[in-house]
Each structure stands twice: as C-alpha cells, then as structure tokens.
Protein chains: 2
Amino acid sequence: MTQKDDFSLQDFLPFLLNRAAEDSSLEFQSHYKNRYGMLRNEWRVLFHLGTYGQMTAKDIGQRAKIHKTKISRAVAKLAERRFVSRSRDEKDRRSEHLRLTPAGEAAYRDLRSQAESYDAELAARFTPDEVALLRSMLRKLAGIEEPFAQSWEQG
Amino acid sequence: MTQKDDFSLQDFLPFLLNRAAEDSSLEFQSHYKNRYGMLRNEWRVLFHLGTYGQMTAKDIGQRAKIHKTKISRAVAKLAERRFVSRSRDEKDRRSEHLRLTPAGEAAYRDLRSQAESYDAELAARFTPDEVALLRSMLRKLAGIEEPFAQSWEQG
DNA sequence: CCTTGTTAGTTACAAAAACAACTATTAGGT
DNA sequence: ACCTAATAGTTGTTTTTGTAACTAACAAGG
C-alpha cells in the first residue's frame with residue numbers, strides 16, 4: 001500500500017526539469033571545471049561573449065537571465081584569468097564592454113566544440129523532430145524568445 | 001558582426017534545461033516557502049513520503065537522486081516541525097523508517113494540490129501530446145524509468 | 001547647479017550547497 | 001570471536017549562492 005493515485009512527483013514538471021537539468025549539467029560540468037577551473041556562470045559568460053562578441057554585463061544578464069551579481073563575479077574571475085578584457089564605455093562610464101582575449105577565444109572554441117558534441121549526444125537519444133520540439137518547449141518554459149523571433153535591441 | 005553560426009548557448013540543451021528548471025521552480029517555490037517555511041529539499045522529502053508512504057532516507061535518496069546529507073538535514077527539519085516521524089528498523093538499527101504525521105499529511109495534501117494546478121498551468125501552454133512527449137523525454141534525460149516500467153526494488 | 005530618481009556594476013553578509021570526515025551498525029570472512 | 005570492509009545516517013568545513021545595500025555615473029526637472 002505504497003502507491004497512490006495518478007499524480008506523482010516523477011510526473012511533476014518542475015521536478016522533472018530539475019532532475020534532467022542536474023543530470024545533464026553535471027556531466028558537462030567536468031569539461032569547463034576540470035580543464036579550465038571554471039564555474040558554471042563563468043562558462044556561461046564565456047560562451048555568451050564567444051557567441052555574440054562584445055557585450056556589457058547587462059547585455060549578458062538580459063540575454064541569459066542571469067542575475068547581475070553572478071555576472072559580476074564571473075566576469076571578475078574571467079578577467080583575473082585573462083580570458084576577458086574590460087573597457088569602459090566613454091559615453092556612459094558606468095558600463096564596460098567585455099570581450100574575449102585570445103586565450104578566452106581559445107577556451108571558448110574548445111569548450112564550444114565539447115558542448116556541441118555533448119548536445120549531439122543528448123539529442124541522439126531522440127528523433128530530430130522530437131529534439132526540435134523539446135528545445136522549443138524548453139525555450140517557452142524558460143521565457144526565452146524563439147531564435148527566429150529575436151529582437152536585437154542594440155546596435 | 002556579432003552573430004556567429006548555427007550553435008548558440010540558447011540552443012544548448014543543458015542550458016535550456018537549467019533555465020526552464022530554474023524558472024519553473026522559482027515560481028512554485030513560493031508555495032512551500034511562504035506557506036510552510038520549507039526548503040526545496042524538505043518539500044521533496046515531504047512529497048516523496050506523501051506519495052509513497054513509509055520510506056527510509058536511503059530510499060528517498062535513490063528515488064529522487066538527492067544526496068544523503070541533503071536528505072538528512074531535510075528530515076531533521078521536518079521532524080523538528082512534527083511533519084515526519086522516525087522509527088528505527090529493529091532488524092537493521094542503522095536505518096530508520098520515516099512517515100508523515102497527520103500534520104505532515106495535511107501539508108502534503110495542500111502542497112500536492114498546489115503542485116497539480118501549477119503543473120496543469122505549465123502544461124496548458126502546450127497540447128496534451130506535446131506535454132506527454134516532454135515528460136517522457138525529460139524522464140529519459142533524468143535517468144528515470146518510465147512509470148509503467150517501474151521496478152519496485154523493495155518489499 | 002542642485003535636488004531626486006534611475007541605472008551599471010560591486011561588495012558584504014546571510015543562507016544553502018558541496019564535499020569530506022565522522023559514528024554507529026551490520027556483514028563477511030578467517 | 002576478531003579483523004576488515006561496507007552501509008545508514010550525521011556533522012563539520014569550505015564553496016557558492018541569494019539578497020540587500022552600496023558606489024559611481026547619468027538623467028530630468030526646477
């Protein structure tokens with residue numbers, strides 16, 4: 001007499017999402033952690049700068065929905081390790097432009113290729129249609145706009 | 001010249017999973033946090049005991065893949081608040097059987113109904129087929145066996 | 001130019017997680 | 001019985017996070 005009715009924890013979407021996220025993150029973590037001593041947020045910032053080029057901390061925060069304190073700390077670490085360089089905006093001296101150094105670029109390229117093959121590994125467990133639907137649903141749940149409906153809010 | 005090629009962070013499954021998980025957890029958090037002063041792991045333990053009845057800490061850990069130290073501290077809190085009762089196994093005095101008290105049952109029933117409607121709210125953004133597929137894919141990614149293929153490894 | 005309000009980013013402190021080391025108990029040889 | 005290893009759960013210490021408060025720079029109105 002342990003089993004109850006229809007709705008169990010293992011069906012609850014937030015639980016499932018967390019479990020799937022933890023499982024998949026944990027495995028990928030080893031790449032940026034062991035090889036570069038990076039933390040998750042540092043890797044995320046690195047990846048954003050690698051993908052989109054020069055950005056401010058605020059830009060990254062908006063795009064990735066990471067809180068500004070996390071970004072601040074991640075950028076500090078990355079700058080300390082000479083993976084990113086910072087330069088003040090002369091028009092608005094509150095904000096700084098961040099970009100990867102050559103060393104940062106190299107780390108980005110390496111990790112990006114790791115990420116691509118890991119993503120492919122995960123995706124291979126499903127059909128292409130299923131994966132496309134999964135990504136789209138996750139984007140919706142995460143409050144991230146669809147890639148083709150992007151609004152580039154800055155020039 | 002900011003846009004690069006095809007693969008961006010917003011397509012990377014571990015990133016998407018984490019973002020979706022954080023977003024959905026954060027919103028549901030208010031229920032167990034504000035109403036019962038619970039932490040996420042406490043709620044998970046409560047939910048497991050509510051769903052499956054009597055279990056040991058180890059059982060919960062295996063089923064939910066939560067580390068034993070988290071469970072230990074969650075159980076301590078729940079016991080302190082008289083939501084769970086503990087009783088030593090007389091055959092193996094290392095382990096204890098945990099079960100909900102009436103107060104724990106009440107909290108469980110309340111939170112469970114909150115969880116059900118929140119889950120329904122999330123699911124309503126998609127078609128039933130899509131949600132079923134999503135759950136199944138997440139289960140696979142999380143390393144959780146399909147519910148109809150469950151193996152009840154204990155008596 | 002001087003208030004008041006807002007924004008970009010940092011820092012400080014409290015809460016929670018991760019990890020290792022620990023106690024108590026059981027199990028399996030020999 | 002005794003030694004070693006394994007297991008259930010707890011505790012202590014170090015990292016990381018979350019939250020709030022802060023500094024510095026801008027902006028708008030008077």
# chains A, B, ... in the order shown; residues from 1 in each chain; ligands from 1
>>> interface_residues(of="chain C", to="chain A", cutoff="9 Å", atoms="only C-alpha atoms (C1' of nucleotides)", output="list in words")
DT7, DA8, DG9 and DT10 of chain C
>>> select_by_dssp(residues="chain A", states="helix (DSSP H, G or I)", output="MDAnalysis selection string")
chainID A and resid 9:11 13:36 40:52 57:64 68:80 102:123 128:142 147:149
>>> atom_distance(atom1="atom C1' of D:DT15", atom2="atom CA of A:Ala142")
27.0 Å
>>> closest_atom_pairs(of="chain B", to="chain A", cutoff="8 Å", atoms="only C-alpha atoms", output="CSV")
residue,atom,partner,partner_atom,distance
B:Met1,CA,A:Gly53,CA,7.9
B:Thr2,CA,A:Tyr52,CA,4.8
B:Gln3,CA,A:Tyr52,CA,5.5
B:Lys4,CA,A:Thr51,CA,6.1
B:Phe7,CA,A:Glu116,CA,7.4
B:Ser8,CA,A:Thr51,CA,6.3
B:Leu9,CA,A:Phe47,CA,6.7
B:Gln10,CA,A:Arg139,CA,8.0
B:Asp11,CA,A:Arg135,CA,6.9
B:Phe12,CA,A:Asp119,CA,6.3
B:Leu13,CA,A:Asp119,CA,6.2
B:Pro14,CA,A:Ser25,CA,5.5
B:Phe15,CA,A:Ser25,CA,7.9
B:Leu16,CA,A:Leu138,CA,6.0
B:Leu17,CA,A:Ala21,CA,4.8
B:Asn18,CA,A:Ala21,CA,5.0
B:Arg19,CA,A:Ala142,CA,5.3
B:Ala20,CA,A:Ala142,CA,4.0
B:Ala21,CA,A:Leu17,CA,4.8
B:Glu22,CA,A:Asn18,CA,7.5
B:Asp23,CA,A:Ala142,CA,5.9
B:Ser24,CA,A:Pro14,CA,5.6
B:Ser25,CA,A:Pro14,CA,5.5
B:Phe47,CA,A:Leu9,CA,6.8
B:His48,CA,A:Leu9,CA,7.0
B:Thr51,CA,A:Lys4,CA,6.2
B:Tyr52,CA,A:Thr2,CA,4.7
B:Gly53,CA,A:Thr2,CA,5.2
B:Gln54,CA,A:Thr2,CA,7.5
B:Ala115,CA,A:Phe12,CA,7.4
B:Glu116,CA,A:Phe7,CA,7.4
B:Asp119,CA,A:Leu13,CA,6.2
B:Leu122,CA,A:Leu141,CA,7.8
B:Leu134,CA,A:Leu134,CA,6.5
B:Arg135,CA,A:Asp11,CA,6.9
B:Met137,CA,A:Leu134,CA,8.0
B:Leu138,CA,A:Ala20,CA,5.8
B:Arg139,CA,A:Leu16,CA,6.5
B:Leu141,CA,A:Ala20,CA,5.2
B:Ala142,CA,A:Ala20,CA,4.0
B:Gly143,CA,A:Ala20,CA,7.7
>>> atom_distance(atom1="atom CA of A:Arg82", atom2="atom CA of A:Pro102")
9.0 Å
>>> residues_around(residues="C:DA20", least_positions_apart="5", cutoff="12 Å", atoms="only C-alpha atoms (C1' of nucleotides)", output="PyMOL selection string")
(chain B and resi 69) or (chain D and resi 11-14)
>>> write_last_selection(atoms="C-alpha atoms (C1' of nucleotides)", output="PDB file, in the first residue's frame")
ATOM      1  CA  THR B  69      23.384  14.861   3.508  1.00  0.00           C
TER       2      THR B  69
ATOM      3  C1'  DT D  11      28.182  16.517  11.453  1.00  0.00           C
ATOM      4  C1'  DG D  12      31.734  19.974  10.247  1.00  0.00           C
ATOM      5  C1'  DT D  13      34.086  22.834   6.979  1.00  0.00           C
ATOM      6  C1'  DT D  14      34.560  25.059   2.705  1.00  0.00           C
TER       7       DT D  14
END
